[in-house]
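First comes the structure, then the notes that go with it.
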Amino acid sequence: MTIQLSNRVQLVQPSATLAITAKASELRASGRDIISLSVGEPDFDTPKAASEAGIEAIRSGFTRYTAVPGIPELRQEVAKKFKRDNHLDYTSENILISTGGKQCIFNLLMAMINQGDEVIIPAPYWVSYPDMVLLAEGKPVIVPCLAEANFKLTAAQLEAAITPQTKLLFLNSPSNPTGMAYSWEDLAALGDVLRKHPDVAVATDDMYEKIIFDGKTFATFAEVNPDLKDRTITLNGVSKAYCMTGWRIGFCAASVHLIKAMSKIQGQSTSNPSSIAQKAALAALQGPTDALDEMVQTYETRRTWLVNALNAIDGVHCLMPDGAFYVFPSIDEWLGKTTPEGVLLSDDVVVCEWLLDTAGVALVPGTSFGSPGQIRFSYAVAQETLKDAVNRVAKAAKTIQA
């Protein structure tokens, strides 16, 4: 007997970033010299205070179930964080702690999206947004955002995309994969559109808010548009800013009735996040920011070097990102050409496969982010490793034949 799979699971694709990272690991295990620039996690250590708090939680026996939406002291600290960093007033009742930012998003979609509801997703997008909408039986409405607009959704595009079925808009700033951030003016313009559509909510994924460059100030949607706060879901976590991807702690703020609904979903799926990780996250949020400042400075230096190095390669065009630790160059000029091995570079997926096989560099195709003709580089690796990877890509690029 072959077990029949649900229609739901057959609608979605595996995470492209995780799949490429896994393939790179397999090649490395077989003896290949592989550099992976596909992974989306910091290459810095978890702050010592957070790690020590996790260890202490184990030693003190804080290893049992907690309340489903998170321990009270962490929910209170997250509310303080939103006040301190984003000028948003919330109580702990407005806060949900989840097993990573991804679960916050999943809880949200399961709590508010019905079959056929439309969710506007600007592209390039984080790979999981459309598939999670499909799992919730919603309809992803993909809006292509061009390099000429710094890959950001414009007010005119948003207005054109809204229909009577629109339920939710996703924003991600700074963006994975582009690193571009919405300015105060950008968010104000989007807010002007949404005021005309009172049934549309906004989910703003701010996971990279702390990693922003060039002296720019981060702004989040509800901060810019306080009158729209009640229909804004502000998503964040400790994974990127505090180098705690494996600890799996995300959090969000929203209206109390929505947080209760999301908590209900969480209670029937994973229940509470790890008690140990919650204590570590609490210490991270309460701790000093010296390590964070050093990390951001390091990423800013790498970013500038990488953009300049990529733009020196024939056929590559790369914008300067505002934050995060990704660049998203165009390789359109390579497409339709042939490699010495006889491979026709028909699209960005083939380009990434070729670079992995011949140059030993793992990258993620733009198609995975809804933007064909681009590739994503993560610079969350040591500078020397980054230079080696770019040299390999540049060497391979010189062999491409018209």
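In the structure tokens, chains take the letters A, B, ... in the order shown, each chain's residues start at 1, and ligands count up from 1 in the order shown.
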*Name all residues at most 6 Å from stretch 272-275 of chain A (count only C-alpha atoms; drop same-chain ones fewer than 2 positions away) and give them as a PyMOL selection string.*
chain A and resi 63+66+68+98-99+277-278
*Please provide the set of residues having any atom within 10 Å of stretch 149-161 of chain A, restricted to only C-alpha atoms, with same-chain residues fewer than 6 positions apart removed, written as an MDAnalysis selection string.*
chainID A and resid 118:125 141:143 169 171:173 175 177:182 186:194 196:197 319:322 328 371
Put those residues in a file: C-alpha atoms, as an mmCIF file, in the first residue's frame.
```cif
data_model
loop_
_atom_site.group_PDB
_atom_site.id
_atom_site.type_symbol
_atom_site.label_atom_id
_atom_site.label_comp_id
_atom_site.auth_asym_id
_atom_site.auth_seq_id
_atom_site.Cartn_x
_atom_site.Cartn_y
_atom_site.Cartn_z
ATOM 1 C CA GLU A 118 -5.541 36.707 -1.101
ATOM 2 C CA VAL A 119 -2.190 37.579 0.460
ATOM 3 C CA ILE A 120 -0.045 40.166 -1.334
ATOM 4 C CA ILE A 121 3.630 39.194 -1.380
ATOM 5 C CA PRO A 122 6.172 41.566 -2.969
ATOM 6 C CA ALA A 123 8.881 39.753 -4.933
ATOM 7 C CA PRO A 124 11.719 39.183 -4.288
ATOM 8 C CA TYR A 125 10.302 37.448 -1.211
ATOM 9 C CA VAL A 141 -0.596 37.322 -5.034
ATOM 10 C CA ILE A 142 2.971 37.938 -6.160
ATOM 11 C CA VAL A 143 3.870 41.516 -7.101
ATOM 12 C CA LEU A 169 0.065 42.242 2.895
ATOM 13 C CA LEU A 171 6.486 43.322 4.089
ATOM 14 C CA ASN A 172 10.057 42.296 4.890
ATOM 15 C CA SER A 173 12.615 44.964 5.789
ATOM 16 C CA SER A 175 14.775 42.087 2.966
ATOM 17 C CA PRO A 177 17.100 38.176 -0.230
ATOM 18 C CA THR A 178 17.835 41.758 -1.346
ATOM 19 C CA GLY A 179 18.997 43.492 1.830
ATOM 20 C CA MET A 180 16.909 46.532 0.879
ATOM 21 C CA ALA A 181 14.995 48.368 3.614
ATOM 22 C CA TYR A 182 11.792 50.386 3.413
ATOM 23 C CA ASP A 186 8.143 54.309 1.701
ATOM 24 C CA LEU A 187 6.071 52.991 4.593
ATOM 25 C CA ALA A 188 4.053 56.202 4.877
ATOM 26 C CA ALA A 189 3.106 55.923 1.188
ATOM 27 C CA LEU A 190 1.986 52.308 1.641
ATOM 28 C CA GLY A 191 0.016 53.355 4.706
ATOM 29 C CA ASP A 192 -1.841 55.970 2.651
ATOM 30 C CA VAL A 193 -3.018 53.207 0.329
ATOM 31 C CA LEU A 194 -4.093 50.878 3.116
ATOM 32 C CA LYS A 196 -8.515 53.262 1.834
ATOM 33 C CA HIS A 197 -8.817 49.488 2.351
ATOM 34 C CA LEU A 319 22.876 46.988 -6.025
ATOM 35 C CA MET A 320 24.227 48.145 -2.664
ATOM 36 C CA PRO A 321 21.950 46.751 0.088
ATOM 37 C CA ASP A 322 20.778 48.680 3.137
ATOM 38 C CA PHE A 328 21.126 39.905 -4.907
ATOM 39 C CA SER A 371 12.852 36.886 -9.104
#
```
_Of the listed residues A:Cys318, A:Phe170, A:Ile259, A:Gly116, that which approaches A:Glu148 most closely, counting only C-alpha atoms_ = A:Cys318
*Could you tell me how far atom CA of A:Cys104 lies from atom CA of A:Ala219, in Å and to one decimal?*
20.4 Å
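Across A:Arg64, A:Lys210, A:Arg32, A:His87, the tightest approach to A:Asn236 is made by A:Lys210 when counting only C-alpha atoms.
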_From A:Asp33, A:Glu93, A:Asp290, A:Asp206, residue lying nearest A:Leu258 [only C-alpha atoms]_ =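 Once distances to A:Leu258 are computed over only C-alpha atoms, the minimum belongs to A:Glu93.
Each of A:Gly267, A:Pro340, A:Pro164, A:Gly370 was compared to A:Val200 using only C-alpha atoms, and A:Pro164 turns out to be the nearest.
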*If you measure from atom CA of A:Ala136 to atom CA of A:Val202, what distance in Å do you get, rounded to one decimal?*
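Those two atoms sit 16.6 Å apart.
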*DSSP-assigned alpha helix (DSSP H) among stretch 209-300 of chain A, expressed as number ranges by chain*: A: 221-224, 256-267, 275-286, 290-300
Using only C-alpha atoms, please write the residues we just selected to a file, as a PDB file, in the first residue's frame.
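Dumped everything to part.pdb:
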```pdb
ATOM      1  CA  PHE A 221       5.193  49.905   9.604  1.00  0.00           C
ATOM      2  CA  ALA A 222       3.134  50.507  12.758  1.00  0.00           C
ATOM      3  CA  GLU A 223       5.656  53.061  14.015  1.00  0.00           C
ATOM      4  CA  VAL A 224       5.209  55.093  10.816  1.00  0.00           C
ATOM      5  CA  VAL A 256      -4.963  40.739  21.751  1.00  0.00           C
ATOM      6  CA  HIS A 257      -7.734  38.825  19.977  1.00  0.00           C
ATOM      7  CA  LEU A 258      -5.378  37.831  17.137  1.00  0.00           C
ATOM      8  CA  ILE A 259      -2.587  36.842  19.543  1.00  0.00           C
ATOM      9  CA  LYS A 260      -5.057  34.618  21.408  1.00  0.00           C
ATOM     10  CA  ALA A 261      -6.089  32.975  18.135  1.00  0.00           C
ATOM     11  CA  MET A 262      -2.457  32.431  17.125  1.00  0.00           C
ATOM     12  CA  SER A 263      -1.720  31.017  20.560  1.00  0.00           C
ATOM     13  CA  LYS A 264      -4.604  28.591  20.075  1.00  0.00           C
ATOM     14  CA  ILE A 265      -3.013  27.356  16.842  1.00  0.00           C
ATOM     15  CA  GLN A 266       0.343  27.035  18.563  1.00  0.00           C
ATOM     16  CA  GLY A 267      -1.224  25.173  21.470  1.00  0.00           C
ATOM     17  CA  SER A 275      11.832  26.655  28.055  1.00  0.00           C
ATOM     18  CA  ILE A 276      15.638  26.767  27.932  1.00  0.00           C
ATOM     19  CA  ALA A 277      15.729  28.852  24.752  1.00  0.00           C
ATOM     20  CA  GLN A 278      13.219  31.293  26.225  1.00  0.00           C
ATOM     21  CA  LYS A 279      15.541  31.984  29.151  1.00  0.00           C
ATOM     22  CA  ALA A 280      18.437  32.482  26.740  1.00  0.00           C
ATOM     23  CA  ALA A 281      16.381  34.884  24.612  1.00  0.00           C
ATOM     24  CA  LEU A 282      15.438  36.871  27.708  1.00  0.00           C
ATOM     25  CA  ALA A 283      19.110  37.313  28.586  1.00  0.00           C
ATOM     26  CA  ALA A 284      19.928  38.323  25.000  1.00  0.00           C
ATOM     27  CA  LEU A 285      17.284  41.036  24.957  1.00  0.00           C
ATOM     28  CA  GLN A 286      18.396  42.348  28.350  1.00  0.00           C
ATOM     29  CA  ASP A 290      28.562  45.650  22.016  1.00  0.00           C
ATOM     30  CA  ALA A 291      28.778  42.345  20.146  1.00  0.00           C
ATOM     31  CA  LEU A 292      25.845  43.356  17.936  1.00  0.00           C
ATOM     32  CA  ASP A 293      27.505  46.647  17.027  1.00  0.00           C
ATOM     33  CA  GLU A 294      30.732  44.844  16.114  1.00  0.00           C
ATOM     34  CA  MET A 295      28.827  42.332  13.994  1.00  0.00           C
ATOM     35  CA  VAL A 296      26.984  45.044  12.070  1.00  0.00           C
ATOM     36  CA  GLN A 297      30.242  46.882  11.350  1.00  0.00           C
ATOM     37  CA  THR A 298      31.797  43.667  10.071  1.00  0.00           C
ATOM     38  CA  TYR A 299      28.851  42.940   7.794  1.00  0.00           C
ATOM     39  CA  GLU A 300      28.857  46.482   6.447  1.00  0.00           C
TER      40      GLU A 300
END
```
